Amino acid sequence: MAGPTRRRAAPYLMVLPAGLWMLVFFVIPLVLMVSLSLQTGNLVDGFRQTFHWQNYTDGLAAYGDKFARSLWYGLLATLACVALAYPAAYWIATRGGRRKPTYLSLLLVPYFVSFVLRTVAWKLVLTDNGPVLGPLRDRGLLPADAHVLDTGLAVVSGLTYNYLPFMVLPIYVALERIDPRVVEAAHDLYASRFQVFGRVVLPLSLPGVYAGVVMTFVPICSDYVNAEMLGGPRNTMIGNVIQSEYFDNSAYPLASALSFTLMAILLVVIFVYARALGTRDVLEAARR
């Protein structure tokens, strides 16, 4: 009896450390924040549990435009990541040869530097007299008053730069898993390169695209560093509002309510995206 019991308990024992970690550092703080989002009061007099659901409606009414801007910037940056990441991942997977690890390492080298420092460096690149705009303005290719900083374009560019590897790596893994014999069979059946890509490679790589979109869209919509450093006061995202309510205004219940509202919106968006893409079809393609 001891042997079969031990074998049945083995999977649960292996999951136990990760489960306890998630319980202590995710589930319990999440429950505490849910409770905090329904409280009223202030930092001086303290907060009391009053089940004040109006924190959610007030936050959504006051900052609805920030939620919309975060989703819009997240969509643009995610699409830009897909457009840049897929060709890069495809080239590494099909043409990288023995140097594939080297190319992937070069892609990840910037991420050994702090996220904030990389964003500051991006800010220096986009300054009016920086290495990009300065020469273009000197040669008359741009108007003298042209600028990129403190615009939505700067924010989307910074978000795309900072989260690009989160799109490249899943797509690369999906492309690397494609059996070369399937591609060869398509060529043997006189399919053109575009037909092979559209009917074989792209469908089989959709699991990587799906995972990459989820891994980039969610943190991009929650980001506040890029909007703070590159966008200015007219391009703030909901993450900037939550950060300000927590640390500047000490409005903990409102900030918690805004956080859970953002979480709910992102869950709905991801659910709609999964239904539209067809998660079951994606998973079936991954098994082939």
# chains A, B, ... in the order shown; residues from 1 in each chain; ligands from 1
>>> residues_around(residues="Gln49 in chain A", least_positions_apart="2", cutoff="8 Å", atoms="only C-alpha atoms", output="PyMOL selection string")
chain A and resi 35-36+38-40+47+51-52
>>> residues_around(residues="Leu75 in chain A", least_positions_apart="6", cutoff="10 Å", atoms="only C-alpha atoms", output="number ranges by chain")
A: 69, 81, 156, 213, 216-218, 220-221
>>> write_last_selection(atoms="C-alpha atoms", output="mmCIF file, in the first residue's frame")
data_model
loop_
_atom_site.group_PDB
_atom_site.id
_atom_site.type_symbol
_atom_site.label_atom_id
_atom_site.label_comp_id
_atom_site.auth_asym_id
_atom_site.auth_seq_id
_atom_site.Cartn_x
_atom_site.Cartn_y
_atom_site.Cartn_z
ATOM 1 C CA ARG A 69 -5.478 54.928 -23.763
ATOM 2 C CA CYS A 81 5.989 43.616 -31.641
ATOM 3 C CA VAL A 156 4.432 53.076 -28.147
ATOM 4 C CA VAL A 213 0.541 38.383 -27.641
ATOM 5 C CA THR A 216 3.262 41.325 -24.178
ATOM 6 C CA PHE A 217 -0.224 42.841 -24.201
ATOM 7 C CA VAL A 218 -0.932 42.304 -20.493
ATOM 8 C CA ILE A 220 2.243 46.632 -21.705
ATOM 9 C CA CYS A 221 -1.225 47.789 -20.647
#
>>> select_by_dssp(residues="range 197-283 of chain A", states="alpha helix (DSSP H)", output="compact mmCIF listing (two decimals) with C-alpha atoms, in the first residue's frame")
# COMPACT_ATOMS: atom_id res chain seq x y z
CA LEU A 202 2.00 30.32 -40.26
CA PRO A 203 -0.77 28.02 -38.93
CA LEU A 204 1.77 25.85 -37.11
CA SER A 205 3.42 28.91 -35.55
CA LEU A 206 0.15 30.38 -34.24
CA PRO A 207 0.67 28.92 -30.74
CA GLY A 208 3.81 31.05 -30.46
CA VAL A 209 2.00 34.14 -31.72
CA TYR A 210 -0.84 33.51 -29.28
CA ALA A 211 1.54 33.13 -26.33
CA GLY A 212 3.59 36.14 -27.41
CA VAL A 213 0.54 38.38 -27.64
CA VAL A 214 -0.61 37.40 -24.16
CA MET A 215 2.89 37.84 -22.70
CA THR A 216 3.26 41.33 -24.18
CA PHE A 217 -0.22 42.84 -24.20
CA VAL A 218 -0.93 42.30 -20.49
CA PRO A 219 2.26 43.88 -19.06
CA ILE A 220 2.24 46.63 -21.70
CA CYS A 221 -1.23 47.79 -20.65
CA SER A 222 -0.08 47.83 -17.02
CA VAL A 225 7.52 53.72 -16.73
CA ASN A 226 7.45 54.35 -20.48
CA ILE A 238 -3.71 53.80 -16.12
CA GLY A 239 -0.53 52.44 -14.53
CA ASN A 240 0.61 56.02 -13.90
CA VAL A 241 -2.71 56.79 -12.21
CA ILE A 242 -2.49 53.71 -9.95
CA GLN A 243 1.10 54.55 -9.03
CA SER A 244 0.12 58.14 -8.23
CA GLU A 245 -2.90 57.14 -6.14
CA TYR A 246 -0.82 54.68 -4.14
CA PHE A 247 2.36 56.63 -3.48
CA TYR A 252 -5.17 52.87 -1.26
CA PRO A 253 -8.81 51.76 -1.73
CA LEU A 254 -9.18 53.69 -5.00
CA ALA A 255 -5.82 52.46 -6.29
CA SER A 256 -6.75 48.87 -5.44
CA ALA A 257 -10.11 49.26 -7.17
CA LEU A 258 -8.38 50.64 -10.26
CA SER A 259 -5.96 47.71 -10.24
CA PHE A 260 -8.75 45.14 -10.14
CA THR A 261 -10.72 47.02 -12.78
CA LEU A 262 -7.69 46.86 -15.05
CA MET A 263 -7.29 43.17 -14.27
CA ALA A 264 -10.93 42.49 -15.14
CA ILE A 265 -10.69 44.43 -18.42
CA LEU A 266 -7.54 42.56 -19.44
CA LEU A 267 -9.12 39.21 -18.62
CA VAL A 268 -12.11 40.06 -20.80
CA VAL A 269 -9.87 41.22 -23.65
CA ILE A 270 -7.73 38.09 -23.48
CA PHE A 271 -10.85 35.89 -23.34
CA VAL A 272 -12.30 37.59 -26.42
CA TYR A 273 -8.93 37.31 -28.17
CA ALA A 274 -8.71 33.60 -27.35
CA ARG A 275 -12.23 32.98 -28.63
CA ALA A 276 -11.61 34.97 -31.82
CA LEU A 277 -8.32 33.23 -32.56
CA THR A 279 -7.61 28.54 -28.68
CA ARG A 280 -8.67 24.97 -29.36
CA ASP A 281 -7.44 25.22 -32.95
CA VAL A 282 -4.19 26.75 -31.75
CA LEU A 283 -3.61 23.94 -29.26
>>> residues_around(residues="Met229 in chain A", least_positions_apart="2", cutoff="10 Å", atoms="only C-alpha atoms", output="list of chain:residue names")
A:Val116, A:Thr119, A:Val120, A:Trp122, A:Lys123, A:Leu149, A:Asp150, A:Ala154, A:Val155, A:Gly158, A:Tyr224, A:Val225, A:Asn226, A:Ala227, A:Gly231, A:Gly232, A:Pro233, A:Thr236
>>> select_by_dssp(residues="range 33-274 of chain A", states="strand (DSSP E)", output="PyMOL selection string")
chain A and resi 39-42+46-49
>>> residues_around(residues="Tyr172 in chain A", least_positions_apart="3", cutoff="7 Å", atoms="only C-alpha atoms", output="compact mmCIF listing (two decimals) with all heavy atoms, in the first residue's frame")
# COMPACT_ATOMS: atom_id res chain seq x y z
N ALA A 89 12.27 36.11 -35.61
CA ALA A 89 12.20 34.73 -35.13
C ALA A 89 12.26 33.74 -36.29
O ALA A 89 12.91 32.69 -36.19
CB ALA A 89 10.91 34.53 -34.33
N TYR A 90 11.60 34.08 -37.40
CA TYR A 90 11.61 33.20 -38.57
C TYR A 90 13.02 33.06 -39.15
O TYR A 90 13.46 31.95 -39.49
CB TYR A 90 10.65 33.75 -39.63
CG TYR A 90 10.52 32.87 -40.85
CD1 TYR A 90 9.66 31.78 -40.85
CD2 TYR A 90 11.26 33.14 -42.00
CE1 TYR A 90 9.53 30.97 -41.97
CE2 TYR A 90 11.14 32.34 -43.13
CZ TYR A 90 10.29 31.26 -43.11
OH TYR A 90 10.17 30.45 -44.21
N ALA A 93 15.17 30.95 -36.76
CA ALA A 93 14.78 29.54 -36.75
C ALA A 93 15.15 28.83 -38.05
O ALA A 93 15.49 27.64 -38.03
CB ALA A 93 13.28 29.42 -36.50
N VAL A 168 9.39 37.62 -29.44
CA VAL A 168 10.29 36.87 -30.30
C VAL A 168 10.45 35.43 -29.80
O VAL A 168 10.37 34.47 -30.59
CB VAL A 168 11.67 37.56 -30.39
CG1 VAL A 168 12.65 36.67 -31.17
CG2 VAL A 168 11.55 38.91 -31.05
N LEU A 169 10.68 35.25 -28.52
CA LEU A 169 11.02 33.92 -28.00
C LEU A 169 9.90 32.90 -28.18
O LEU A 169 10.15 31.78 -28.64
CB LEU A 169 11.43 34.04 -26.53
CG LEU A 169 12.73 34.82 -26.27
CD1 LEU A 169 13.02 34.91 -24.79
CD2 LEU A 169 13.89 34.19 -27.01
N LEU A 175 8.23 28.09 -34.14
CA LEU A 175 8.82 27.82 -35.46
C LEU A 175 9.85 26.71 -35.39
O LEU A 175 9.97 25.90 -36.31
CB LEU A 175 9.47 29.10 -35.99
CG LEU A 175 8.51 30.23 -36.39
CD1 LEU A 175 9.28 31.52 -36.65
CD2 LEU A 175 7.71 29.84 -37.63
N GLU A 176 10.59 26.65 -34.30
CA GLU A 176 11.63 25.62 -34.16
C GLU A 176 11.01 24.23 -34.04
O GLU A 176 11.64 23.24 -34.41
CB GLU A 176 12.46 25.93 -32.91
CG GLU A 176 13.67 25.05 -32.73
CD GLU A 176 14.78 25.33 -33.73
OE1 GLU A 176 14.70 26.35 -34.44
OE2 GLU A 176 15.71 24.53 -33.80
>>> residues_around(residues="Pro165 in chain A", least_positions_apart="3", cutoff="12 Å", atoms="only C-alpha atoms", output="NGL selection string")
:A and (78 or 81-82 or 84-86 or 88-89 or 103-111 or 159-162 or 168-172 or 212-213 or 215-216)
>>> write_last_selection(atoms="C-alpha atoms", output="tab-separated table (two decimals), in the first residue's frame")
chain	number	residue	atom	x	y	z
A	78	THR	CA	1.63	44.49	-29.43
A	81	CYS	CA	5.99	43.62	-31.64
A	82	VAL	CA	4.36	40.97	-33.85
A	84	LEU	CA	9.04	43.05	-35.82
A	85	ALA	CA	9.33	39.77	-33.94
A	86	TYR	CA	7.96	37.32	-36.49
A	88	ALA	CA	13.35	38.00	-36.69
A	89	ALA	CA	12.20	34.73	-35.13
A	103	TYR	CA	21.53	35.41	-32.07
A	104	LEU	CA	19.10	34.72	-29.24
A	105	SER	CA	21.72	35.80	-26.71
A	106	LEU	CA	22.30	39.05	-28.60
A	107	LEU	CA	18.57	39.64	-28.51
A	108	LEU	CA	18.57	39.28	-24.73
A	109	VAL	CA	21.78	41.20	-23.97
A	110	PRO	CA	20.00	44.56	-23.44
A	111	TYR	CA	17.86	42.93	-20.77
A	159	LEU	CA	6.86	49.84	-25.09
A	160	THR	CA	7.65	47.98	-28.30
A	161	TYR	CA	11.38	48.12	-27.62
A	162	ASN	CA	11.11	46.98	-24.01
A	168	VAL	CA	10.29	36.87	-30.30
A	169	LEU	CA	11.02	33.92	-28.00
A	170	PRO	CA	7.58	32.20	-28.08
A	171	ILE	CA	7.36	32.61	-31.85
A	172	TYR	CA	10.89	31.24	-32.24
A	212	GLY	CA	3.59	36.14	-27.41
A	213	VAL	CA	0.54	38.38	-27.64
A	215	MET	CA	2.89	37.84	-22.70
A	216	THR	CA	3.26	41.33	-24.18
>>> atom_distance(atom1="CA of Glu228 in chain A", atom2="CA of Val34 in chain A")
26.7 Å
>>> atom_distance(atom1="CA of Ala10 in chain A", atom2="CA of Val24 in chain A")
21.9 Å
>>> closest_residue(among="A:Ser37, A:Leu142, A:Pro11, A:Met167", to="Pro87 in chain A", atoms="only C-alpha atoms")
A:Met167
>>> closest_residue(among="A:Asn249, A:Thr127, A:Asn235, A:Asn55", to="Tyr73 in chain A", atoms="only C-alpha atoms")
A:Asn235
>>> atom_distance(atom1="CA of Ala68 in chain A", atom2="CA of Phe166 in chain A")
23.1 Å
>>> decode(residues="range 54-113 of chain A", atoms="C-alpha atoms", output="PDB file, in the first residue's frame")
ATOM      1  CA  GLN A  54     -18.452  52.899  -5.352  1.00  0.00           C
ATOM      2  CA  ASN A  55     -14.643  52.876  -5.413  1.00  0.00           C
ATOM      3  CA  TYR A  56     -14.908  50.883  -8.631  1.00  0.00           C
ATOM      4  CA  THR A  57     -17.534  53.045 -10.305  1.00  0.00           C
ATOM      5  CA  ASP A  58     -15.798  56.260  -9.233  1.00  0.00           C
ATOM      6  CA  GLY A  59     -12.456  55.061 -10.544  1.00  0.00           C
ATOM      7  CA  LEU A  60     -13.890  53.956 -13.879  1.00  0.00           C
ATOM      8  CA  ALA A  61     -15.809  57.206 -14.294  1.00  0.00           C
ATOM      9  CA  ALA A  62     -12.832  59.404 -13.395  1.00  0.00           C
ATOM     10  CA  TYR A  63     -10.161  57.549 -15.363  1.00  0.00           C
ATOM     11  CA  GLY A  64     -12.035  55.886 -18.203  1.00  0.00           C
ATOM     12  CA  ASP A  65      -9.927  57.744 -20.743  1.00  0.00           C
ATOM     13  CA  LYS A  66      -6.746  56.394 -19.136  1.00  0.00           C
ATOM     14  CA  PHE A  67      -8.064  52.843 -19.404  1.00  0.00           C
ATOM     15  CA  ALA A  68      -8.901  53.419 -23.064  1.00  0.00           C
ATOM     16  CA  ARG A  69      -5.478  54.928 -23.763  1.00  0.00           C
ATOM     17  CA  SER A  70      -3.724  52.008 -22.059  1.00  0.00           C
ATOM     18  CA  LEU A  71      -5.627  49.490 -24.170  1.00  0.00           C
ATOM     19  CA  TRP A  72      -4.973  51.495 -27.346  1.00  0.00           C
ATOM     20  CA  TYR A  73      -1.243  51.838 -26.677  1.00  0.00           C
ATOM     21  CA  GLY A  74      -1.127  48.175 -25.686  1.00  0.00           C
ATOM     22  CA  LEU A  75      -2.777  47.158 -28.957  1.00  0.00           C
ATOM     23  CA  LEU A  76      -0.448  49.306 -31.077  1.00  0.00           C
ATOM     24  CA  ALA A  77       2.695  48.143 -29.264  1.00  0.00           C
ATOM     25  CA  THR A  78       1.630  44.488 -29.428  1.00  0.00           C
ATOM     26  CA  LEU A  79       0.970  44.709 -33.174  1.00  0.00           C
ATOM     27  CA  ALA A  80       4.342  46.403 -33.640  1.00  0.00           C
ATOM     28  CA  CYS A  81       5.989  43.616 -31.641  1.00  0.00           C
ATOM     29  CA  VAL A  82       4.360  40.971 -33.853  1.00  0.00           C
ATOM     30  CA  ALA A  83       5.439  42.790 -37.025  1.00  0.00           C
ATOM     31  CA  LEU A  84       9.044  43.048 -35.815  1.00  0.00           C
ATOM     32  CA  ALA A  85       9.334  39.767 -33.941  1.00  0.00           C
ATOM     33  CA  TYR A  86       7.958  37.318 -36.490  1.00  0.00           C
ATOM     34  CA  PRO A  87      10.525  38.033 -39.248  1.00  0.00           C
ATOM     35  CA  ALA A  88      13.347  37.998 -36.695  1.00  0.00           C
ATOM     36  CA  ALA A  89      12.199  34.728 -35.134  1.00  0.00           C
ATOM     37  CA  TYR A  90      11.610  33.197 -38.574  1.00  0.00           C
ATOM     38  CA  TRP A  91      15.091  34.128 -39.774  1.00  0.00           C
ATOM     39  CA  ILE A  92      16.767  32.789 -36.634  1.00  0.00           C
ATOM     40  CA  ALA A  93      14.783  29.538 -36.755  1.00  0.00           C
ATOM     41  CA  THR A  94      15.326  28.887 -40.477  1.00  0.00           C
ATOM     42  CA  ARG A  95      18.636  30.595 -41.278  1.00  0.00           C
ATOM     43  CA  GLY A  96      20.426  30.798 -37.946  1.00  0.00           C
ATOM     44  CA  GLY A  97      22.174  27.459 -38.254  1.00  0.00           C
ATOM     45  CA  ARG A  98      24.698  26.787 -35.512  1.00  0.00           C
ATOM     46  CA  ARG A  99      24.605  30.422 -34.421  1.00  0.00           C
ATOM     47  CA  LYS A 100      21.007  30.350 -33.216  1.00  0.00           C
ATOM     48  CA  PRO A 101      22.027  30.526 -29.527  1.00  0.00           C
ATOM     49  CA  THR A 102      24.298  33.467 -30.344  1.00  0.00           C
ATOM     50  CA  TYR A 103      21.530  35.413 -32.075  1.00  0.00           C
ATOM     51  CA  LEU A 104      19.102  34.722 -29.239  1.00  0.00           C
ATOM     52  CA  SER A 105      21.715  35.802 -26.709  1.00  0.00           C
ATOM     53  CA  LEU A 106      22.300  39.048 -28.602  1.00  0.00           C
ATOM     54  CA  LEU A 107      18.571  39.642 -28.510  1.00  0.00           C
ATOM     55  CA  LEU A 108      18.571  39.283 -24.725  1.00  0.00           C
ATOM     56  CA  VAL A 109      21.777  41.201 -23.971  1.00  0.00           C
ATOM     57  CA  PRO A 110      19.997  44.563 -23.438  1.00  0.00           C
ATOM     58  CA  TYR A 111      17.856  42.929 -20.774  1.00  0.00           C
ATOM     59  CA  PHE A 112      20.853  42.519 -18.510  1.00  0.00           C
ATOM     60  CA  VAL A 113      20.438  46.279 -17.996  1.00  0.00           C
TER      61      VAL A 113
END
